[in-house]
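K.L.:
My questions all concern the structure below.
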Amino acid sequence: MSTVTKSAPSPDGSASSGFTIKQIRQGIAILLAAGGLLLTLLNGMNLAYLLIGAWVGLSIWKPYHGILVFYSLISIYPVLRVISIALRPSDSLLSRSLDIIPANATLNNIVALFQEEAFLLWIWNSFVITVSVSIMGVIIAATGAYAFSRWRFPGRRPALIFLLTTQMIPAGMLLVPIFVIVAQLNLSNSIIGLMLAYTTTAVPFSIWILKGYYDTIPVDLEEAAMVDGCNRLEAFWKVILPLSTPALSIVFLFNFLAAWSEYLVARVILQAGAVRTWPLGLADLIAQFDTDWGKYAAGSVFVTIPVLILFVWQSKYLISGLTLGSVKG
Amino acid sequence: MESISGLTADTIGATLSQVIPLLIGVSIGIVVLEVSLYYFLTRVIKTKHALAYTLLSPAVVALVLFLIYPLIFNVILAFSDLKRNTFVCYSPVARGRECELDHLYGLDYAINNFTQVFFRVRDGEIQRDADGNLVWGRLLRTADSTFPVLFGRTVVWTGVNVIFHFLGGLALALIMNQKIRFRGIYRSLIVIPWAIPTVIVGLTWRQEFHADYGFVNQVLTSLGMTKVNWLSEELPAFIAVIFVNVWLGIPFYMVMLLGGLQSIPAEYYEASQMDGANAWQRFKAITIPLLRPILIPAITLDVIWTFNQLNVVYLVTRGGPSEKTNILVSALYNAAFGESATQELGFAAAFSIVIFLILFVFAVVWITTSGGLKEVYDR
């Protein structure tokens, strides 16, 4: 199909020899969209017909965009769903409607969440833990990764392989001993234990990503700085760290996301329920016998939106930060 | 005391009085550690790698205290008979109280714990069936949750997930690598599943697979198909968990592979086009070989992560219905901490070591045969 389009004359100067393939596809697309609009009007404003018609049309006109639009919808649909459940009035929480903005949208669920549950306290606990863990993780990993990248010291290879091996440790292999240690030390329900556990699990992957990124920065840059009178640490601080912003922000983001939404370790360490992070609080809302989908959904929106904004804002760094390390040269 | 949704001046103060001393303590600790270590390494040992070891030391200390020590303790626990009713014996707080064990750690416990992972053991005796053959032991409650069943399911789970992650991610990356409008917007939308907290992903999809109220069945019925009882039948439940995990994993591959595709110089394609290579030949001869340095580490990590993917399985199905969607790691979690738990932590420790060894052997074989991680440490 694509070769035909390519061999056709340029889009605007083709009128002499009838329609080009491109124009035919465009025409079909417009017809389908119009058909969808007609069905929508005939069926009491059911927008599904218009959407399906327009999407099939788009797929015929520009197949790539058709696929990408479809996949983007699958990606964001659950988010839209949660927003929609959060806005539903309490008598239709289990409605079968597929609308995004429900009929009689209300903010009652959000009010109930803040008034009846200790939601802000959960957020506060999670926030303190997450920020501390992300900062500690980046500081520890940034210098460690630099050592791996620039020196060939004895023990370097086994250490790197060990860091890879930590990724193979099943969660249960750490949870069982941590559970026993925490119980023996009487540290249950303390956020300190949680913070230390999170930081440690974040460090190996952070070192891996950062080391890969430092490797792509030529050593000449530091040597030039050292000729200008910097010592090694100053060269690291003034040259390497500023150049590594993409990787550092990726690492910060990963550690932030991992700690922000961690559930299973928190469930084991904070057993008594006196101190809670938001994943525990929200999960309990729907684990009880009277599952409260409204409050759960409202809470989900509140915890997800800030993270989404942070993530999308940083997404241009995602590609360079993750892959530069693994591509040679 | 004024309280806004549980937040009072007292609760804020309580958290900060725990966290701030910790952060200050850690910072001072790092400085003291690094300065004294650097002094020691340069003046006493006189190694030329003094700065390297100094920069590494905080990571080493953190990993030893909070990773290596628990791992060693886990091995020790596999030599114990720790379970709910013997917890008093192992807790120092409870020393002096009644304890029914005559010894806390021993090889007999270890043999018992490790045998129990595979075979049926009762009162320290290995059980046999009528023909004298060994019987696979139950890891959870149902007769179905034996080691070979769980292992087989884990292999299927990992294989299916990784194949779909790879194909989906590659297809999207190839499309996104074209000159296409709105690329930035598409990229932002496609990475969204990655950004949503896993708890919310798991619990929300669990609701969406609800037979009556979930949108999956609503879409199926509106297309004229019959409803599926997603979470109460074995195969649909397994498909549902795999779907969620595929949905979660595709963005990672897309991002990695798109980065790789963008680093391939366009001249290669132009040159081969002049030599008359068609699209498939170009893909086979240029794209795949040049993506290899990214693909092999990505697949290695993905296999490991998927094999260990406890969150998705636990949150979407809890391993149910009737323990039929458990993979090894979720069976382990359920055995140690789940509601229907045996809560035999000594046995759980042994079980976790077995799971780790399986993955470790696989990884060693895979990495040495594919040579894929060479560039990571050979540089």
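Numbering starts fresh at 1 for the residues of each chain in the structure tokens, the chains themselves are lettered A, B, ... in the order given, and ligands are numbered from 1 as they appear.
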Gly202 (chain B): which residues within 12 Å, counting only C-alpha atoms, same-chain residues fewer than 6 positions away excluded, as a list in words?
P.N.:
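Close residues of Gly202 (chain B): Pro78, Ser261, Tyr263, Pro279, Ala283 and Ser300 of chain A; Pro193, Ile196, Glu208, Phe209, Ala240, Val241, Ile242, Phe243, Val244, Asn245, Trp247, Leu248, Gln309, Leu310, Asn311, Val312, Val313, Tyr314, Leu315, Val316, Thr317 and Arg318 of chain B.
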K.L.:
Atoms to include: N, CA and C atoms. Write the selected residues as an mmCIF file, in the first residue's frame.
P.N.:
data_model
loop_
_atom_site.group_PDB
_atom_site.id
_atom_site.type_symbol
_atom_site.label_atom_id
_atom_site.label_comp_id
_atom_site.auth_asym_id
_atom_site.auth_seq_id
_atom_site.Cartn_x
_atom_site.Cartn_y
_atom_site.Cartn_z
ATOM 1 N N PRO A 78 -8.388 3.311 32.171
ATOM 2 C CA PRO A 78 -8.598 3.071 33.604
ATOM 3 C C PRO A 78 -8.524 4.351 34.427
ATOM 4 N N SER A 261 4.060 4.167 46.026
ATOM 5 C CA SER A 261 2.930 3.262 45.859
ATOM 6 C C SER A 261 3.202 1.876 46.423
ATOM 7 N N TYR A 263 3.092 -1.348 48.569
ATOM 8 C CA TYR A 263 1.978 -1.862 49.360
ATOM 9 C C TYR A 263 2.356 -3.072 50.210
ATOM 10 N N PRO A 279 -1.439 3.618 50.400
ATOM 11 C CA PRO A 279 -1.847 2.347 49.792
ATOM 12 C C PRO A 279 -2.574 1.435 50.781
ATOM 13 N N ALA A 283 -6.477 0.526 50.228
ATOM 14 C CA ALA A 283 -6.774 -0.895 50.037
ATOM 15 C C ALA A 283 -7.764 -1.366 51.099
ATOM 16 N N SER A 300 -7.873 7.513 44.913
ATOM 17 C CA SER A 300 -6.970 7.146 43.821
ATOM 18 C C SER A 300 -6.668 8.340 42.936
ATOM 19 N N PRO B 193 0.440 4.027 31.934
ATOM 20 C CA PRO B 193 0.291 2.862 32.832
ATOM 21 C C PRO B 193 1.474 2.666 33.766
ATOM 22 N N ILE B 196 1.035 5.081 36.905
ATOM 23 C CA ILE B 196 -0.022 4.908 37.897
ATOM 24 C C ILE B 196 0.468 3.961 38.983
ATOM 25 N N GLU B 208 -12.594 -3.737 37.303
ATOM 26 C CA GLU B 208 -13.030 -3.696 35.904
ATOM 27 C C GLU B 208 -13.306 -5.097 35.368
ATOM 28 N N PHE B 209 -12.745 -6.124 36.007
ATOM 29 C CA PHE B 209 -13.016 -7.486 35.566
ATOM 30 C C PHE B 209 -14.198 -8.091 36.324
ATOM 31 N N ALA B 240 -6.946 -12.651 32.734
ATOM 32 C CA ALA B 240 -7.109 -11.295 33.249
ATOM 33 C C ALA B 240 -5.806 -10.786 33.872
ATOM 34 N N VAL B 241 -5.143 -11.607 34.703
ATOM 35 C CA VAL B 241 -3.890 -11.151 35.332
ATOM 36 C C VAL B 241 -2.837 -10.898 34.258
ATOM 37 N N ILE B 242 -2.759 -11.817 33.272
ATOM 38 C CA ILE B 242 -1.752 -11.626 32.232
ATOM 39 C C ILE B 242 -2.031 -10.337 31.467
ATOM 40 N N PHE B 243 -3.314 -10.090 31.167
ATOM 41 C CA PHE B 243 -3.650 -8.857 30.457
ATOM 42 C C PHE B 243 -3.150 -7.636 31.232
ATOM 43 N N VAL B 244 -3.429 -7.606 32.531
ATOM 44 C CA VAL B 244 -3.013 -6.444 33.323
ATOM 45 C C VAL B 244 -1.498 -6.282 33.286
ATOM 46 N N ASN B 245 -0.791 -7.395 33.399
ATOM 47 C CA ASN B 245 0.666 -7.284 33.436
ATOM 48 C C ASN B 245 1.246 -6.912 32.071
ATOM 49 N N TRP B 247 -0.329 -5.052 29.854
ATOM 50 C CA TRP B 247 -0.688 -3.633 29.770
ATOM 51 C C TRP B 247 0.329 -2.783 30.534
ATOM 52 N N LEU B 248 0.768 -3.311 31.693
ATOM 53 C CA LEU B 248 1.726 -2.566 32.517
ATOM 54 C C LEU B 248 3.127 -2.556 31.901
ATOM 55 N N GLN B 309 6.855 -11.093 39.805
ATOM 56 C CA GLN B 309 5.776 -10.094 39.866
ATOM 57 C C GLN B 309 4.692 -10.516 40.857
ATOM 58 N N LEU B 310 4.919 -10.137 42.103
ATOM 59 C CA LEU B 310 3.969 -10.487 43.152
ATOM 60 C C LEU B 310 2.783 -9.524 43.184
ATOM 61 N N ASN B 311 3.084 -8.238 42.995
ATOM 62 C CA ASN B 311 2.063 -7.195 43.144
ATOM 63 C C ASN B 311 0.832 -7.432 42.303
ATOM 64 N N VAL B 312 1.051 -7.623 40.979
ATOM 65 C CA VAL B 312 -0.084 -7.709 40.071
ATOM 66 C C VAL B 312 -0.938 -8.922 40.401
ATOM 67 N N VAL B 313 -0.285 -10.072 40.578
ATOM 68 C CA VAL B 313 -1.048 -11.289 40.867
ATOM 69 C C VAL B 313 -1.818 -11.124 42.171
ATOM 70 N N TYR B 314 -1.130 -10.616 43.190
ATOM 71 C CA TYR B 314 -1.768 -10.529 44.494
ATOM 72 C C TYR B 314 -2.942 -9.547 44.472
ATOM 73 N N LEU B 315 -2.746 -8.400 43.803
ATOM 74 C CA LEU B 315 -3.786 -7.377 43.848
ATOM 75 C C LEU B 315 -4.971 -7.714 42.947
ATOM 76 N N VAL B 316 -4.716 -8.334 41.783
ATOM 77 C CA VAL B 316 -5.824 -8.573 40.853
ATOM 78 C C VAL B 316 -6.639 -9.790 41.266
ATOM 79 N N THR B 317 -5.988 -10.905 41.606
ATOM 80 C CA THR B 317 -6.780 -12.106 41.915
ATOM 81 C C THR B 317 -6.520 -12.669 43.305
ATOM 82 N N ARG B 318 -5.541 -12.141 44.042
ATOM 83 C CA ARG B 318 -5.121 -12.750 45.317
ATOM 84 C C ARG B 318 -4.670 -14.191 45.117
#
K.L.:
Give me, please, the distance in Å between CA of Arg128 (chain B) and CA of Leu82 (chain B), quoted to one decimal.
P.N.:
25.5 Å
K.L.:
Which residues, written as a PDB file with N, CA and C atoms, in the first residue's frame, have at least one atom at most 8 Å from Trp305 (chain B), with only C-alpha atoms counted and residues fewer than 4 positions away on the same chain left out?
P.N.:
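Listed below is the output, out07.pdb:
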ATOM      1  N   GLN A 167      18.296  -8.078  41.879  1.00  0.00           N
ATOM      2  CA  GLN A 167      17.026  -7.973  41.168  1.00  0.00           C
ATOM      3  C   GLN A 167      16.282  -9.308  41.145  1.00  0.00           C
ATOM      4  N   MET A 168      16.996 -10.403  41.389  1.00  0.00           N
ATOM      5  CA  MET A 168      16.362 -11.716  41.311  1.00  0.00           C
ATOM      6  C   MET A 168      15.783 -12.156  42.639  1.00  0.00           C
TER       7      MET A 168
ATOM      8  N   LEU B 301      16.048  -8.385  32.247  1.00  0.00           N
ATOM      9  CA  LEU B 301      15.401  -7.739  33.389  1.00  0.00           C
ATOM     10  C   LEU B 301      13.916  -8.080  33.426  1.00  0.00           C
ATOM     11  N   GLN B 309       6.855 -11.093  39.805  1.00  0.00           N
ATOM     12  CA  GLN B 309       5.776 -10.094  39.866  1.00  0.00           C
ATOM     13  C   GLN B 309       4.692 -10.516  40.857  1.00  0.00           C
TER      14      GLN B 309
END
K.L.:
From the set B:Gly319, B:Gly6, B:Gly184, B:Gly338, which residue has the shortest atom-to-atom contact distance to chain A, counting only C-alpha atoms?
P.N.:
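With only C-alpha atoms as the atom set, the closest residue is B:Gly6.
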K.L.:
Would you list, as a PyMOL selection string, the residues of region 71-204 of chain A that end up in alpha helix (DSSP H) under DSSP run on this structure's backbone?
P.N.:
chain A and resi 71-86+108-116+119-150+156-166+171-184+191-204
K.L.:
I need the chosen residues saved as an mmCIF file, in the first residue's frame, with C-alpha atoms.
P.N.:
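Just written: part.cif:
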data_model
loop_
_atom_site.group_PDB
_atom_site.id
_atom_site.type_symbol
_atom_site.label_atom_id
_atom_site.label_comp_id
_atom_site.auth_asym_id
_atom_site.auth_seq_id
_atom_site.Cartn_x
_atom_site.Cartn_y
_atom_site.Cartn_z
ATOM 1 C CA TYR A 71 -3.503 2.154 22.248
ATOM 2 C CA SER A 72 -3.458 5.563 23.929
ATOM 3 C CA LEU A 73 -7.137 5.079 24.793
ATOM 4 C CA ILE A 74 -6.412 1.672 26.359
ATOM 5 C CA SER A 75 -3.594 3.292 28.332
ATOM 6 C CA ILE A 76 -5.626 6.083 29.818
ATOM 7 C CA TYR A 77 -9.040 4.420 30.049
ATOM 8 C CA PRO A 78 -8.598 3.071 33.604
ATOM 9 C CA VAL A 79 -7.592 6.558 34.749
ATOM 10 C CA LEU A 80 -10.708 8.039 33.202
ATOM 11 C CA ARG A 81 -12.761 5.249 34.792
ATOM 12 C CA VAL A 82 -11.455 5.991 38.258
ATOM 13 C CA ILE A 83 -12.222 9.673 37.809
ATOM 14 C CA SER A 84 -15.713 8.784 36.694
ATOM 15 C CA ILE A 85 -16.382 6.488 39.665
ATOM 16 C CA ALA A 86 -15.080 9.187 42.003
ATOM 17 C CA ASN A 108 -19.647 13.937 47.827
ATOM 18 C CA ASN A 109 -17.146 11.065 47.647
ATOM 19 C CA ILE A 110 -14.241 13.461 47.949
ATOM 20 C CA VAL A 111 -15.834 15.256 50.899
ATOM 21 C CA ALA A 112 -16.555 11.919 52.589
ATOM 22 C CA LEU A 113 -12.995 10.755 52.003
ATOM 23 C CA PHE A 114 -11.543 13.776 53.779
ATOM 24 C CA GLN A 115 -14.118 13.888 56.562
ATOM 25 C CA GLU A 116 -14.611 10.230 57.415
ATOM 26 C CA PHE A 119 -6.791 10.566 54.249
ATOM 27 C CA LEU A 120 -4.490 13.574 54.707
ATOM 28 C CA LEU A 121 -2.614 11.740 57.424
ATOM 29 C CA TRP A 122 -2.017 8.770 55.102
ATOM 30 C CA ILE A 123 -0.790 11.134 52.394
ATOM 31 C CA TRP A 124 1.470 12.910 54.856
ATOM 32 C CA ASN A 125 3.032 9.647 56.038
ATOM 33 C CA SER A 126 3.595 8.454 52.474
ATOM 34 C CA PHE A 127 4.966 11.823 51.425
ATOM 35 C CA VAL A 128 7.538 12.022 54.223
ATOM 36 C CA ILE A 129 8.687 8.459 53.570
ATOM 37 C CA THR A 130 8.840 8.894 49.794
ATOM 38 C CA VAL A 131 10.762 12.161 49.771
ATOM 39 C CA SER A 132 13.302 10.931 52.323
ATOM 40 C CA VAL A 133 13.799 7.655 50.467
ATOM 41 C CA SER A 134 14.217 9.331 47.064
ATOM 42 C CA ILE A 135 16.783 11.812 48.368
ATOM 43 C CA MET A 136 18.785 9.243 50.330
ATOM 44 C CA GLY A 137 18.652 6.811 47.411
ATOM 45 C CA VAL A 138 19.954 9.320 44.866
ATOM 46 C CA ILE A 139 22.763 10.535 47.145
ATOM 47 C CA ILE A 140 23.969 7.035 47.949
ATOM 48 C CA ALA A 141 23.670 5.794 44.365
ATOM 49 C CA ALA A 142 25.146 8.856 42.638
ATOM 50 C CA THR A 143 28.556 8.561 44.289
ATOM 51 C CA GLY A 144 28.598 4.761 44.266
ATOM 52 C CA ALA A 145 27.824 4.610 40.553
ATOM 53 C CA TYR A 146 30.607 7.116 39.863
ATOM 54 C CA ALA A 147 33.097 4.826 41.535
ATOM 55 C CA PHE A 148 31.897 1.910 39.387
ATOM 56 C CA SER A 149 32.121 3.976 36.225
ATOM 57 C CA ARG A 150 35.583 5.542 36.630
ATOM 58 C CA ARG A 156 34.322 -4.256 40.887
ATOM 59 C CA ARG A 157 33.049 -7.060 38.662
ATOM 60 C CA PRO A 158 31.673 -9.261 41.456
ATOM 61 C CA ALA A 159 30.038 -6.190 42.990
ATOM 62 C CA LEU A 160 28.286 -5.320 39.724
ATOM 63 C CA ILE A 161 27.107 -8.887 39.312
ATOM 64 C CA PHE A 162 25.862 -8.822 42.905
ATOM 65 C CA LEU A 163 23.820 -5.716 42.115
ATOM 66 C CA LEU A 164 22.232 -7.565 39.206
ATOM 67 C CA THR A 165 21.588 -10.566 41.430
ATOM 68 C CA THR A 166 19.626 -8.425 43.895
ATOM 69 C CA ALA A 171 10.013 -10.103 47.636
ATOM 70 C CA GLY A 172 9.215 -12.895 50.062
ATOM 71 C CA MET A 173 12.875 -13.658 50.594
ATOM 72 C CA LEU A 174 13.311 -10.215 52.167
ATOM 73 C CA LEU A 175 9.858 -9.926 53.677
ATOM 74 C CA VAL A 176 10.137 -12.996 55.867
ATOM 75 C CA PRO A 177 13.383 -11.952 57.631
ATOM 76 C CA ILE A 178 12.340 -8.282 57.770
ATOM 77 C CA PHE A 179 9.056 -9.285 59.382
ATOM 78 C CA VAL A 180 10.879 -11.319 62.031
ATOM 79 C CA ILE A 181 13.569 -8.687 62.643
ATOM 80 C CA VAL A 182 11.010 -5.894 62.950
ATOM 81 C CA ALA A 183 8.950 -7.948 65.377
ATOM 82 C CA GLN A 184 12.009 -8.884 67.433
ATOM 83 C CA ILE A 191 8.010 4.430 59.518
ATOM 84 C CA ILE A 192 11.768 4.333 60.093
ATOM 85 C CA GLY A 193 11.887 0.622 59.328
ATOM 86 C CA LEU A 194 9.918 1.189 56.156
ATOM 87 C CA MET A 195 12.189 4.019 55.018
ATOM 88 C CA LEU A 196 15.355 1.990 55.483
ATOM 89 C CA ALA A 197 13.862 -0.996 53.675
ATOM 90 C CA TYR A 198 12.769 1.124 50.704
ATOM 91 C CA THR A 199 16.079 2.950 50.389
ATOM 92 C CA THR A 200 18.016 -0.285 50.310
ATOM 93 C CA THR A 201 15.850 -1.895 47.653
ATOM 94 C CA ALA A 202 16.112 1.267 45.534
ATOM 95 C CA VAL A 203 19.914 1.545 45.586
ATOM 96 C CA PRO A 204 20.999 -1.362 43.301
#
K.L.:
Choose the residue, out of A:Asp220, A:Glu234, A:Asp284, A:Glu262, that has the smallest atom-to-atom separation from chain B; count only C-alpha atoms.
P.N.:
A:Glu262
K.L.:
Could you pull the residues within 12 Å of Trp237 (chain A), counting only C-alpha atoms, minus those fewer than 3 positions along the same chain, as number ranges by chain?
P.N.:
A: 142-143, 146, 222, 225-226, 230-234, 240-245
K.L.:
Identify which of the residues B:Ala279, B:Ala143, B:Val246, B:Ile68 lies closest to Asn161 (chain B), counting only C-alpha atoms when measuring atom-to-atom distances.
P.N.:
B:Val246
K.L.:
Select, from B:Asn112, B:Gln18, B:Asn74, B:Ser322, the residue with the minimum atom-to-atom distance to Ser232 (chain B), counting only C-alpha atoms.
P.N.:
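That would be B:Ser322, the residue with the smallest distance to Ser232 (chain B).
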K.L.:
Which one is closest to Leu71 (chain B): A:Ile60, A:Leu107, A:Ala287, A:Ile169? Count only C-alpha atoms.
P.N.:
A:Ile169
K.L.:
Which distance in Å separates CA of Thr325 (chain B) and CA of Phe252 (chain B), to one decimal?
P.N.:
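So the two atoms, CA of Thr325 (chain B) and CA of Phe252 (chain B), lie 24.5 Å apart.
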K.L.:
Residues of region 278-321 of chain B that have any atom at most 10 Å from an atom of region 362-368 of chain B: could you tabulate them with the shortest-distance atom pair and the distance in Å to one decimal, using only C-alpha atoms, ordered by chain and increasing number, as CSV?
P.N.:
residue,atom,partner,partner_atom,distance
B:Ile296,CA,B:Ile367,CA,8.9
B:Pro297,CA,B:Ile367,CA,9.1
B:Thr300,CA,B:Ala363,CA,7.6
B:Leu301,CA,B:Ala363,CA,9.6
B:Val303,CA,B:Ala363,CA,9.0
B:Ile304,CA,B:Ala363,CA,8.1
K.L.:
Pick the closest to chain B from A:Trp260, A:Phe252, A:Tyr213, A:Phe205: which is it, counting only C-alpha atoms?
P.N.:
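So, comparing all the options, the nearest one is A:Trp260.
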K.L.:
By how many Å are CA of Ala298 (chain B) and CA of Tyr333 (chain B) apart?
P.N.:
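Pair CA of Ala298 (chain B) / CA of Tyr333 (chain B) returns 26.3 Å.
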